[in-house]
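**Q** Below is one structure. I have some questions about it.
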Amino acid sequence: MEATGTDEVEKLKSKFVSAWHNMKYSWVLKTKTHFSRTSPVFLLGKCYHFKSDEQSEISPDGSDYNIVDETISGNVEEFRKDFISRIWLTYREEFPLIKGSVLTTDCGWGCTLRTSQMLLAQGLLLHFLGRAWTWQDALDIENSDFESWTSHTVKKLTASFEASLTGESEPKVRSNHPKEMLQENCGDSTMKDELYHRKIISWFGDSPPASFGLHQLIEFGKKSGKIAGDWYGPAIVAHILRKAVEEARDPELQGITIYVAQDCTVYNSDVVERQCSFMGSEKADTKAVIILVPVRLGGERTNMDYLEFVKGILSLEYCVGIIGGKPKQSYYFAGFQDDSLIYMDPHYCQSFVDVSIKDFPLESFHCPSPKKMSFKKMDPSCTIGFYCRNVQDFEKASEEITKMLHSSSKEKYPLFTFVKGHSRDYDFASSPVHEENDLFSEDEKRRLKRFSTEEFVLL
């Protein structure tokens, strides 16, 4: 009886936190983000120019264009479409119970898991659809429609909270949001792309079977001492993502792997070894790899000397973004303009979407408006991600990034390094062999325990 009472208190608390976060963040989503006309905007390696004779500002969020030059207007539209096409993963509520807990929402604690999902989702978009792909319906998400949609979500959460107080089983909210209609007049190539688009999103569904869903990531996090409700740092989620990709059973995912840098060092031979691991009897190509590099951009505060390097990284088309944010508040950084970073915010709590249903609605997985934040406000702890389709791409990327690291470093040592050989060649205790019944080796457990406190070696 006592345990039941405790469970009810926890459920009530989670509903209150969800309602509070939506009240807190819903206005942020509706706030216009202003971009300069005179400075280029970079988004995951693509550059957009909004240049004009007038030195004023524009809001590429679906409103206030007032632009005479059609080229500028076109660039704004292209940028909007590109940004909205990125997969947005936020807090959710009312999803299936997380094993070993009474939680049906990650509101208030799962933001870093969500930003790590966004980074991995971008890697999968590059892998299956390429950087040029954009969602055909991206510009149909108008700001006004989104406002009515967010208002409906807030009303639903409020009704859910009230229902928990009155003891009602199901809150009743009238919805005036139209059901998404699939376009019938698209070609075979577009239909194929749309199928991959939906499949990628389904891998991040909030239910236990989803390969990269919250439930699976939490299970892998338990191996490092984390449980549902804990806060996860950007370094530890890098290792959780690696394990999630290793353990994924979908045949479509067998051609991609993840490598996590060790102590700010990428060992080239270890990466190539992962790419050349067994691909199956019918495939001889090497695997694609997502390289994750946990770093620290300063001591207690971010060192502004790293700004040019971060901007250089986000200018690369094979960059899949940065897991970072403000202290105890994670964001997914995907671009920049001048000294401000462009990001997607996971803190808005949305309702659970069952991605196992055919033609499930896609709107809530795409952010209608970019947000900006000054680089100096960024928390120094972050994880940088890169995607390389094959060994040749990795070798080219490592050379390009190495030049960038040395040219941007004012200190004796760069932020991280690429070195030849295996980690074992440098007398590290880590072993590439993992026991069958243990997802993390003893060395990995020690490293993850250290990462959980966000301690890094500052060079």
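Residue numbering restarts at 1 for every chain of the structure tokens, chains are lettered A, B, ... in their displayed order, and ligands are numbered from 1 as they appear.
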May I have the residues within 6 Å of A:Gly45 as a ChimeraX atom specification, using only C-alpha atoms and disregarding those fewer than 3 positions away in the same chain?
**A** /A:314-317
**Q** For those residues, write C-alpha atoms to a file as a compact mmCIF listing (two decimals), in the first residue's frame.
**A**
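Writing done, so here's part.txt:
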# COMPACT_ATOMS: atom_id res chain seq x y z
CA LEU A 314 30.28 23.10 -37.93
CA SER A 315 31.33 24.26 -41.42
CA LEU A 316 32.15 20.67 -42.43
CA GLU A 317 29.47 18.71 -44.29
**Q** Do you have, as a Markdown table, the list of residues of stretch 180-235 of chain A lying at most 12 Å from stretch 346-370 of chain A, each with its nearest atom pair and that distance in Å to one decimal, counting only C-alpha atoms and ordered by chain then number?
**A**
| residue | atom | partner | partner_atom | distance |
| --- | --- | --- | --- | --- |
| A:Glu180 | CA | A:Pro361 | CA | 6.0 |
| A:Met181 | CA | A:Asp359 | CA | 8.6 |
| A:Leu182 | CA | A:Asp359 | CA | 7.7 |
| A:Gln183 | CA | A:Asp359 | CA | 11.2 |
| A:Glu194 | CA | A:Asp359 | CA | 10.6 |
| A:Leu195 | CA | A:Asp359 | CA | 9.8 |
| A:His197 | CA | A:Leu362 | CA | 9.7 |
| A:Arg198 | CA | A:Leu362 | CA | 8.1 |
| A:Lys199 | CA | A:Val355 | CA | 8.9 |
| A:Ile200 | CA | A:Val355 | CA | 10.4 |
| A:Ile201 | CA | A:Phe365 | CA | 7.7 |
| A:Ser202 | CA | A:Val355 | CA | 5.3 |
| A:Trp203 | CA | A:Val355 | CA | 8.6 |
| A:Phe204 | CA | A:Val355 | CA | 8.7 |
| A:Gly205 | CA | A:Val355 | CA | 5.9 |
| A:Asp206 | CA | A:Phe352 | CA | 7.1 |
| A:Ser207 | CA | A:Asp354 | CA | 8.1 |
| A:Pro208 | CA | A:Asp354 | CA | 11.6 |
| A:Pro209 | CA | A:Ser356 | CA | 9.8 |
| A:Ala210 | CA | A:Val355 | CA | 9.1 |
| A:Gly213 | CA | A:Val355 | CA | 10.8 |
| A:Leu214 | CA | A:Phe352 | CA | 11.8 |
**Q** Could you produce a table of the residues of stretch 278-341 of chain A lying within 12 Å of stretch 244-248 of chain A, with the nearest pair of atoms per residue and their separation in Å rounded to one decimal, using only C-alpha atoms, ordered by chain and increasing residue number, as a Markdown table?
**A**
| residue | atom | partner | partner_atom | distance |
| --- | --- | --- | --- | --- |
| A:Ala288 | CA | A:Val245 | CA | 11.8 |
| A:Val289 | CA | A:Val245 | CA | 10.5 |
| A:Ile290 | CA | A:Val245 | CA | 10.1 |
**Q** Which residues are close to stretch 296-306 of chain A, i.e. within 7 Å by only C-alpha atoms, leaving aside same-chain residues fewer than 2 positions away? Reply as a PyMOL selection string.
**A** chain A and resi 308-310+376+378-382+456
**Q** Store the residues of this selection in a file with C-alpha atoms, as an mmCIF file, in the first residue's frame.
**A**
data_model
loop_
_atom_site.group_PDB
_atom_site.id
_atom_site.type_symbol
_atom_site.label_atom_id
_atom_site.label_comp_id
_atom_site.auth_asym_id
_atom_site.auth_seq_id
_atom_site.Cartn_x
_atom_site.Cartn_y
_atom_site.Cartn_z
ATOM 1 C CA GLU A 308 36.991 29.606 -34.442
ATOM 2 C CA PHE A 309 37.618 25.874 -34.175
ATOM 3 C CA VAL A 310 33.991 25.134 -33.247
ATOM 4 C CA LYS A 376 30.418 32.370 -24.504
ATOM 5 C CA MET A 378 28.130 27.424 -23.854
ATOM 6 C CA ASP A 379 29.051 24.882 -21.183
ATOM 7 C CA PRO A 380 32.658 23.710 -21.774
ATOM 8 C CA SER A 381 31.717 19.985 -21.675
ATOM 9 C CA CYS A 382 30.565 18.727 -25.053
ATOM 10 C CA PHE A 456 38.449 15.639 -18.453
#
